[in-house]
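Shown here: my_file-v4.tsv, TSV, C-alpha atoms and all ligand atoms.
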chain	number	residue	atom	x	y	z
A	1	MET	CA	-82.71	29.67	-89.60
A	2	ARG	CA	-86.03	31.26	-90.58
A	3	PHE	CA	-84.26	33.58	-93.03
A	4	ILE	CA	-82.42	30.63	-94.57
A	5	SER	CA	-85.68	28.73	-95.10
A	6	GLU	CA	-87.29	31.85	-96.59
A	7	LYS	CA	-84.38	32.26	-99.01
A	8	ALA	CA	-84.62	28.60	-99.96
A	9	ARG	CA	-88.36	28.92	-100.60
A	10	LYS	CA	-87.77	31.90	-102.89
A	11	GLN	CA	-85.36	29.78	-104.89
A	12	GLY	CA	-87.95	27.08	-105.40
A	13	VAL	CA	-87.34	24.72	-102.49
A	14	ILE	CA	-90.59	23.11	-101.28
A	15	PHE	CA	-90.87	22.12	-97.61
A	16	ILE	CA	-93.46	19.50	-96.71
A	17	ARG	CA	-94.29	18.73	-93.09
A	18	PHE	CA	-95.39	15.26	-92.15
A	19	ASP	CA	-96.88	13.56	-89.15
A	20	LYS	CA	-94.38	11.58	-87.05
A	21	ASP	CA	-96.77	8.64	-87.10
A	22	ALA	CA	-96.87	8.64	-90.91
A	23	PRO	CA	-93.28	9.15	-92.10
A	24	PRO	CA	-92.46	9.38	-95.82
A	25	GLU	CA	-92.04	6.15	-97.76
A	26	VAL	CA	-89.28	5.73	-100.31
A	27	LYS	CA	-89.40	3.30	-103.23
A	28	SER	CA	-87.22	2.72	-106.22
A	29	SER	CA	-88.90	2.63	-109.64
A	30	SER	CA	-87.86	2.58	-113.28
A	31	GLU	CA	-88.35	6.40	-113.32
A	32	GLY	CA	-86.11	6.96	-110.32
A	33	ILE	CA	-86.68	7.35	-106.58
A	34	VAL	CA	-90.32	7.82	-105.55
A	35	VAL	CA	-91.03	9.47	-102.20
A	36	THR	CA	-94.61	9.27	-100.95
A	37	VAL	CA	-95.69	11.45	-98.04
A	38	LYS	CA	-98.98	12.72	-96.61
A	39	ASP	CA	-99.03	16.53	-96.65
A	40	HIS	CA	-100.46	17.61	-93.29
A	41	ILE	CA	-102.09	20.74	-94.78
A	42	LEU	CA	-103.59	19.17	-97.90
A	43	GLN	CA	-104.32	15.94	-96.02
A	44	GLN	CA	-103.46	14.10	-99.21
A	45	GLN	CA	-100.74	11.73	-100.30
A	46	VAL	CA	-98.06	13.52	-102.32
A	47	GLU	CA	-95.82	11.53	-104.64
A	48	ILE	CA	-92.44	12.96	-105.61
A	49	THR	CA	-90.17	11.39	-108.22
A	50	ALA	CA	-86.55	12.35	-107.64
A	51	GLU	CA	-83.15	11.65	-109.15
A	52	LEU	CA	-81.41	11.98	-105.80
A	53	LEU	CA	-82.52	11.56	-102.19
A	54	THR	CA	-80.40	13.22	-99.48
A	55	LEU	CA	-81.14	12.68	-95.81
A	56	SER	CA	-80.51	15.42	-93.26
A	57	ALA	CA	-80.98	14.35	-89.65
A	58	GLY	CA	-82.69	16.78	-87.28
A	59	MET	CA	-81.02	17.97	-84.10
A	60	THR	CA	-82.55	17.53	-80.66
A	61	ALA	CA	-81.37	18.72	-77.25
A	62	GLU	CA	-81.60	15.49	-75.29
A	63	ASP	CA	-78.91	15.93	-72.66
A	64	THR	CA	-79.37	19.52	-71.41
A	65	GLY	CA	-81.77	18.72	-68.56
A	66	GLU	CA	-79.20	17.67	-65.93
A	67	LEU	CA	-76.85	20.60	-66.63
A	68	SER	CA	-79.79	22.98	-66.58
A	69	GLY	CA	-80.80	21.68	-63.15
A	70	ILE	CA	-77.28	21.89	-61.69
A	71	MET	CA	-76.44	25.38	-63.00
A	72	LYS	CA	-79.98	26.83	-63.05
A	73	LEU	CA	-79.85	27.55	-66.78
A	74	ASN	CA	-83.03	28.41	-68.66
A	75	ARG	CA	-84.09	26.27	-71.61
A	76	ASN	CA	-86.67	26.73	-74.35
A	77	PRO	CA	-89.46	24.18	-74.94
A	78	GLU	CA	-87.16	22.27	-77.33
A	79	GLY	CA	-84.52	21.91	-74.61
A	80	PHE	CA	-81.90	24.33	-75.97
A	81	PHE	CA	-80.41	26.94	-73.62
A	82	ILE	CA	-81.71	30.53	-73.73
A	83	GLU	CA	-79.59	33.68	-73.71
A	84	ALA	CA	-80.14	36.45	-71.13
A	85	HIS	CA	-81.39	38.91	-73.76
A	86	VAL	CA	-81.66	38.24	-77.47
A	87	LYS	CA	-80.31	41.70	-78.46
A	88	LEU	CA	-78.53	43.18	-75.43
A	89	ARG	CA	-76.83	40.05	-74.02
A	90	PRO	CA	-76.92	37.46	-76.83
A	91	VAL	CA	-74.12	35.20	-75.55
A	92	ASP	CA	-74.63	35.68	-71.79
A	93	MET	CA	-76.72	33.29	-69.76
A	94	PRO	CA	-78.91	34.75	-66.99
A	95	SER	CA	-76.52	33.17	-64.45
A	96	GLU	CA	-73.47	35.42	-64.13
A	97	GLY	CA	-70.25	34.14	-65.69
A	98	VAL	CA	-71.87	31.52	-67.93
A	99	PHE	CA	-71.77	32.09	-71.69
A	100	LEU	CA	-73.54	30.45	-74.55
A	101	CYS	CA	-72.57	29.46	-78.08
A	102	GLY	CA	-73.04	26.89	-80.78
A	103	THR	CA	-75.65	24.17	-80.81
A	104	ALA	CA	-76.21	24.50	-77.06
A	105	HIS	CA	-78.24	27.53	-78.18
A	106	GLY	CA	-80.01	25.78	-81.06
A	107	PRO	CA	-79.29	24.23	-84.45
A	108	LYS	CA	-77.13	26.56	-86.53
A	109	LEU	CA	-74.57	26.73	-89.30
A	110	ILE	CA	-70.87	26.26	-88.56
A	111	SER	CA	-70.18	29.88	-89.59
A	112	GLU	CA	-72.76	31.12	-87.06
A	113	THR	CA	-71.30	28.81	-84.43
A	114	ILE	CA	-67.79	30.18	-84.96
A	115	ALA	CA	-68.99	33.80	-84.78
A	116	GLN	CA	-70.96	33.12	-81.61
A	117	SER	CA	-68.05	31.21	-80.04
A	118	GLN	CA	-65.74	34.17	-80.65
A	119	ALA	CA	-68.30	36.49	-79.07
A	120	ALA	CA	-68.63	34.21	-76.02
A	121	ALA	CA	-64.85	33.98	-75.65
A	122	SER	CA	-64.60	37.79	-75.83
A	123	ARG	CA	-67.26	38.18	-73.16
A	124	ALA	CA	-65.44	35.73	-70.89
A	125	THR	CA	-62.20	37.65	-71.44
A	126	THR	CA	-63.78	40.86	-70.15
A	127	PHE	CA	-64.13	39.14	-66.76
A	128	LEU	CA	-60.81	37.30	-66.79
A	129	ALA	CA	-58.88	40.46	-67.69
A	130	LYS	CA	-59.94	42.21	-64.47
A	131	ASP	CA	-58.11	41.90	-61.17
A	132	GLU	CA	-61.30	42.67	-59.29
A	133	ILE	CA	-64.95	42.33	-60.14
A	134	LYS	CA	-67.46	44.77	-58.70
A	135	LEU	CA	-70.66	43.15	-57.49
A	136	SER	CA	-74.06	44.69	-57.10
A	137	ALA	CA	-74.76	46.12	-53.66
A	138	ILE	CA	-78.38	45.05	-53.97
A	139	THR	CA	-78.47	41.62	-52.37
A	140	ALA	CA	-80.80	39.68	-50.10
A	141	LYS	CA	-80.18	39.14	-46.40
A	142	VAL	CA	-81.90	36.66	-44.08
A	143	ASP	CA	-83.06	37.51	-40.57
A	144	THR	CA	-82.44	34.07	-39.06
A	145	ASP	CA	-84.38	34.97	-35.89
A	146	HIS	CA	-87.59	35.28	-37.87
A	147	CYS	CA	-86.95	32.49	-40.36
A	148	VAL	CA	-89.11	29.40	-39.82
A	149	LYS	CA	-87.05	27.29	-42.25
A	150	CYS	CA	-89.96	26.62	-44.59
A	151	LEU	CA	-87.46	26.53	-47.51
A	152	THR	CA	-89.80	28.58	-49.75
A	153	CYS	CA	-86.89	30.86	-50.66
A	154	VAL	CA	-84.69	27.86	-51.47
A	155	ARG	CA	-87.30	26.55	-53.90
A	156	SER	CA	-88.14	29.96	-55.40
A	157	CYS	CA	-84.77	31.55	-56.13
A	158	PRO	CA	-84.23	31.36	-59.92
A	159	PHE	CA	-80.46	31.21	-59.34
A	160	GLY	CA	-80.37	28.62	-56.56
A	161	VAL	CA	-78.67	30.98	-54.11
A	162	PRO	CA	-80.36	30.37	-50.73
A	163	VAL	CA	-79.25	27.12	-49.10
A	164	PHE	CA	-80.09	25.46	-45.83
A	165	ASN	CA	-76.88	24.90	-43.86
A	166	THR	CA	-77.39	21.51	-42.22
A	167	GLU	CA	-74.69	22.21	-39.60
A	168	THR	CA	-75.77	25.66	-38.42
A	169	LYS	CA	-79.46	24.96	-39.23
A	170	VAL	CA	-79.99	28.36	-40.84
A	171	ILE	CA	-80.76	29.63	-44.33
A	172	GLU	CA	-77.71	31.21	-45.94
A	173	ILE	CA	-77.56	33.58	-48.91
A	174	ASN	CA	-74.17	34.06	-50.54
A	175	GLU	CA	-74.16	37.75	-51.44
A	176	ALA	CA	-71.40	37.21	-53.99
A	177	ILE	CA	-73.74	35.18	-56.22
A	178	CYS	CA	-77.07	36.80	-55.30
A	179	HIS	CA	-78.55	38.73	-58.24
A	180	GLY	CA	-80.73	40.94	-56.06
A	181	CYS	CA	-83.87	40.05	-58.00
A	182	GLY	CA	-85.97	40.10	-54.82
A	183	VAL	CA	-87.98	36.95	-55.56
A	184	CYS	CA	-87.06	35.38	-52.20
A	185	ALA	CA	-88.01	38.55	-50.31
A	186	GLY	CA	-91.39	38.54	-52.04
A	187	VAL	CA	-92.25	34.91	-51.31
A	188	CYS	CA	-90.96	34.63	-47.73
A	189	PRO	CA	-94.08	34.14	-45.58
A	190	ARG	CA	-92.31	35.60	-42.52
A	191	GLN	CA	-90.82	38.66	-44.24
A	192	ALA	CA	-87.51	37.34	-42.94
A	193	ILE	CA	-85.64	38.35	-46.09
A	194	GLN	CA	-84.86	41.97	-46.93
A	195	LEU	CA	-83.27	43.36	-50.06
A	196	SER	CA	-80.58	45.98	-49.46
A	197	PHE	CA	-81.82	49.47	-50.44
A	198	TYR	CA	-85.28	48.01	-51.08
A	199	GLU	CA	-86.31	47.05	-47.55
A	200	ASP	CA	-90.03	46.77	-46.77
A	201	ASP	CA	-90.05	50.00	-44.75
A	202	GLN	CA	-88.37	51.90	-47.58
A	203	ILE	CA	-90.88	50.61	-50.14
A	204	ALA	CA	-93.80	51.44	-47.80
A	205	CYS	CA	-92.47	55.00	-47.32
A	206	LYS	CA	-92.17	55.47	-51.09
A	207	ILE	CA	-95.73	54.25	-51.62
A	208	ASP	CA	-97.02	56.59	-48.88
A	209	ALA	CA	-95.15	59.53	-50.41
A	210	LEU	CA	-96.50	58.67	-53.85
A	211	MET	CA	-100.06	58.43	-52.59
A	212	GLU	CA	-99.73	61.80	-50.83
A	213	ALA	CA	-98.50	63.38	-54.04
A	214	VAL	CA	-101.37	62.00	-56.10
A	215	PRO	CA	-104.53	64.09	-55.66
A	216	VAL	CA	-107.39	61.85	-54.66
A	217	ARG	CA	-110.66	62.80	-56.30
A	218	LEU	CA	-113.74	61.38	-54.62
A	219	MET	CA	-116.48	60.33	-56.99
A	220	PRO	CA	-119.94	61.69	-56.22
B	301	LIG	S1	-88.83	31.72	-47.07
B	301	LIG	FE1	-88.38	32.96	-45.27
B	301	LIG	S2	-89.07	31.75	-43.53
B	301	LIG	FE2	-88.94	30.34	-45.28
B	301	LIG	S3	-86.86	29.50	-45.15
B	301	LIG	FE3	-86.72	31.28	-46.48
B	301	LIG	S4	-86.14	32.96	-45.09
B	301	LIG	FE4	-86.91	31.29	-43.80
B	302	LIG	S1	-82.54	38.14	-54.33
B	302	LIG	FE1	-82.97	36.80	-56.08
B	302	LIG	S2	-80.97	35.89	-56.56
B	302	LIG	FE2	-80.79	36.73	-54.50
B	302	LIG	S3	-81.29	35.01	-53.16
B	302	LIG	FE3	-83.18	36.16	-53.48
B	302	LIG	S4	-84.20	35.14	-55.21
B	302	LIG	FE4	-82.05	34.46	-55.19
Would you kindly transcribe this structure into C-alpha cells?
Amino acid sequence: MRFISEKARKQGVIFIRFDKDAPPEVKSSSEGIVVTVKDHILQQQVEITAELLTLSAGMTAEDTGELSGIMKLNRNPEGFFIEAHVKLRPVDMPSEGVFLCGTAHGPKLISETIAQSQAAASRATTFLAKDEIKLSAITAKVDTDHCVKCLTCVRSCPFGVPVFNTETKVIEINEAICHGCGVCAGVCPRQAIQLSFYEDDQIACKIDALMEAVPVRLMP
C-alpha cells in the first residue's frame, strides 16, 4: 500500500491527515463542494473546493481477537494477522497448517488478494498431497514426577500445546503439534521439561567444552 500511495503522490494526489476528534466538514456552496479540515502538521484550517466528493471507508480488524485466542495466531497492533516470515513464509502462519490471505492480513487490492489466495491454496496443497507428514524430532517432554503443576508452561507456550489433563492430573504435551521452540523448558521452575536433543545435560556439556576450548586470559 505504501508504494501505491507514493505513486499517487507523484501524480499529484495530496493526502491530508486529520484528528479523529476534528473530522472534515463538508458544505455545499455556489462554487461547488467545500471541504474544510484542520491539517495536523500545519495546525491550520485548510479549505478545499471540489467538483466531486468520493468517500472511501477505512478497514479495521474488529473481529480477529477471538480467533487469535483460540488458534494462537499472532496479530499486529491494528489487529490484522501476521505471517510467519514476510519473505520466506509470506502466506504461512506461525502455527503449522494455518495459511493467510486477503484482508485477514491487512487492507489490500482485490488483485493482491487473489494472488495471495492462490499462494495460500498452493501451500495447503503441498500438505494435502502427501500421504504422510514428517514431524520434527525436537519436541518437549514432561517429567510428571518432578512437575508441581504450576501451569507456567501452559501459560507460556506460544502455540498452546501443554495442557493440564483434569482426569489424570498431569501436564501433557502433544508431540505432534509441539514446535520444539523450548520456551516451556526455559520457564519451568522445576526443570521438569526437557527438549529432545537439547536436554539440560547436553547443553551444559557443550558449554563446558566451549569454555575449555576458549583460552582464558587473566588480566593483571
Ligand atoms: S512449568 Fe514445569 S512444573 Fe510447572 S506445570 Fe509446567 S512442567 Fe509442571
Ligand atoms: S517446546 Fe515450544 S511449542 Fe513445544 S510445548 Fe514447549 S513451548 Fe510449546
Around the point (-93.6, 7.7, -101.2), in the coordinates given by the file, pick out the residues reaching within 9 Å, counting all atoms listed in the file, and return them as a PDB file with C-alpha atoms, in the coordinates of the input.
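The file below, selection.pdb, is the result:
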ATOM      1  CA  PRO A  24     -92.460   9.380 -95.820  1.00  0.00           C
ATOM      2  CA  GLU A  25     -92.040   6.150 -97.760  1.00  0.00           C
ATOM      3  CA  VAL A  26     -89.280   5.730-100.310  1.00  0.00           C
ATOM      4  CA  LYS A  27     -89.400   3.300-103.230  1.00  0.00           C
ATOM      5  CA  ILE A  33     -86.680   7.350-106.580  1.00  0.00           C
ATOM      6  CA  VAL A  34     -90.320   7.820-105.550  1.00  0.00           C
ATOM      7  CA  VAL A  35     -91.030   9.470-102.200  1.00  0.00           C
ATOM      8  CA  THR A  36     -94.610   9.270-100.950  1.00  0.00           C
ATOM      9  CA  VAL A  37     -95.690  11.450 -98.040  1.00  0.00           C
ATOM     10  CA  LYS A  38     -98.980  12.720 -96.610  1.00  0.00           C
ATOM     11  CA  GLN A  45    -100.740  11.730-100.300  1.00  0.00           C
ATOM     12  CA  VAL A  46     -98.060  13.520-102.320  1.00  0.00           C
ATOM     13  CA  GLU A  47     -95.820  11.530-104.640  1.00  0.00           C
ATOM     14  CA  ILE A  48     -92.440  12.960-105.610  1.00  0.00           C
ATOM     15  CA  THR A  49     -90.170  11.390-108.220  1.00  0.00           C
TER      16      THR A  49
END
Would you mind listing the residues within 9 Å of ligand LIG 302 (chain B), counting all atoms listed in the file, as a count of residues only?
31
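Taking only C-alpha atoms and all ligand atoms into account, every polymer residue with at least one atom at most 8 Å away from ligand LIG 301 (chain B) is listed here: Val142, Asp143, Thr144, His146, Cys147, Val148, Lys149, Cys150, Leu151, Thr152, Cys153, Val154, Pro162, Phe164, Ile171, Cys184, Ala185, Val187, Cys188, Pro189, Arg190, Gln191, Ala192 and Ile193 of chain A.
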Using all atoms listed in the file, which residues sit within 12 Å of Gly58 in chain A once same-chain residues fewer than 6 positions away are excluded, as a ChimeraX atom specification?
/A:106-108
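Rounded to one decimal, CA of Phe18 in chain A and CA of His40 in chain A lie 5.7 Å from each other.
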State, in Å with one decimal place, the distance from CA of Val214 in chain A to CA of Gln202 in chain A.
18.5 Å
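Restricting the calculation to only C-alpha atoms, the smallest distance between Thr113 in chain A and any of A:Gly32, A:Cys101, A:Met59, A:Met211 is found for A:Cys101.
Note that the spacing between CA of Val163 in chain A and CA of Leu100 in chain A amounts to 26.3 Å.
Checking A:Glu66, A:Asp39, A:Glu6, A:Asp200 one by one against Lys20 in chain A, counting all atoms listed in the file, you find the shortest gap at A:Asp39.
If all atoms listed in the file are the atoms counted, then among A:Ser28, A:Arg123, A:Ala104, A:Lys10 the closest residue to Ala61 in chain A is A:Ala104.
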Find, counting all atoms listed in the file, the residue in A:Ile114, A:Thr103, A:Ala213, A:Ser196 that gets nearest to Glu62 in chain A.
A:Thr103
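Residue nearest Met93 in chain A, chosen from A:Thr54, A:Phe197, A:His105, A:Thr64 and counting only C-alpha atoms: A:His105.
Taking all atoms listed in the file into account, Ala176 in chain A lies nearest to A:Ile133 out of the set A:Leu128, A:Ala209, A:Ile133, A:Ile203.
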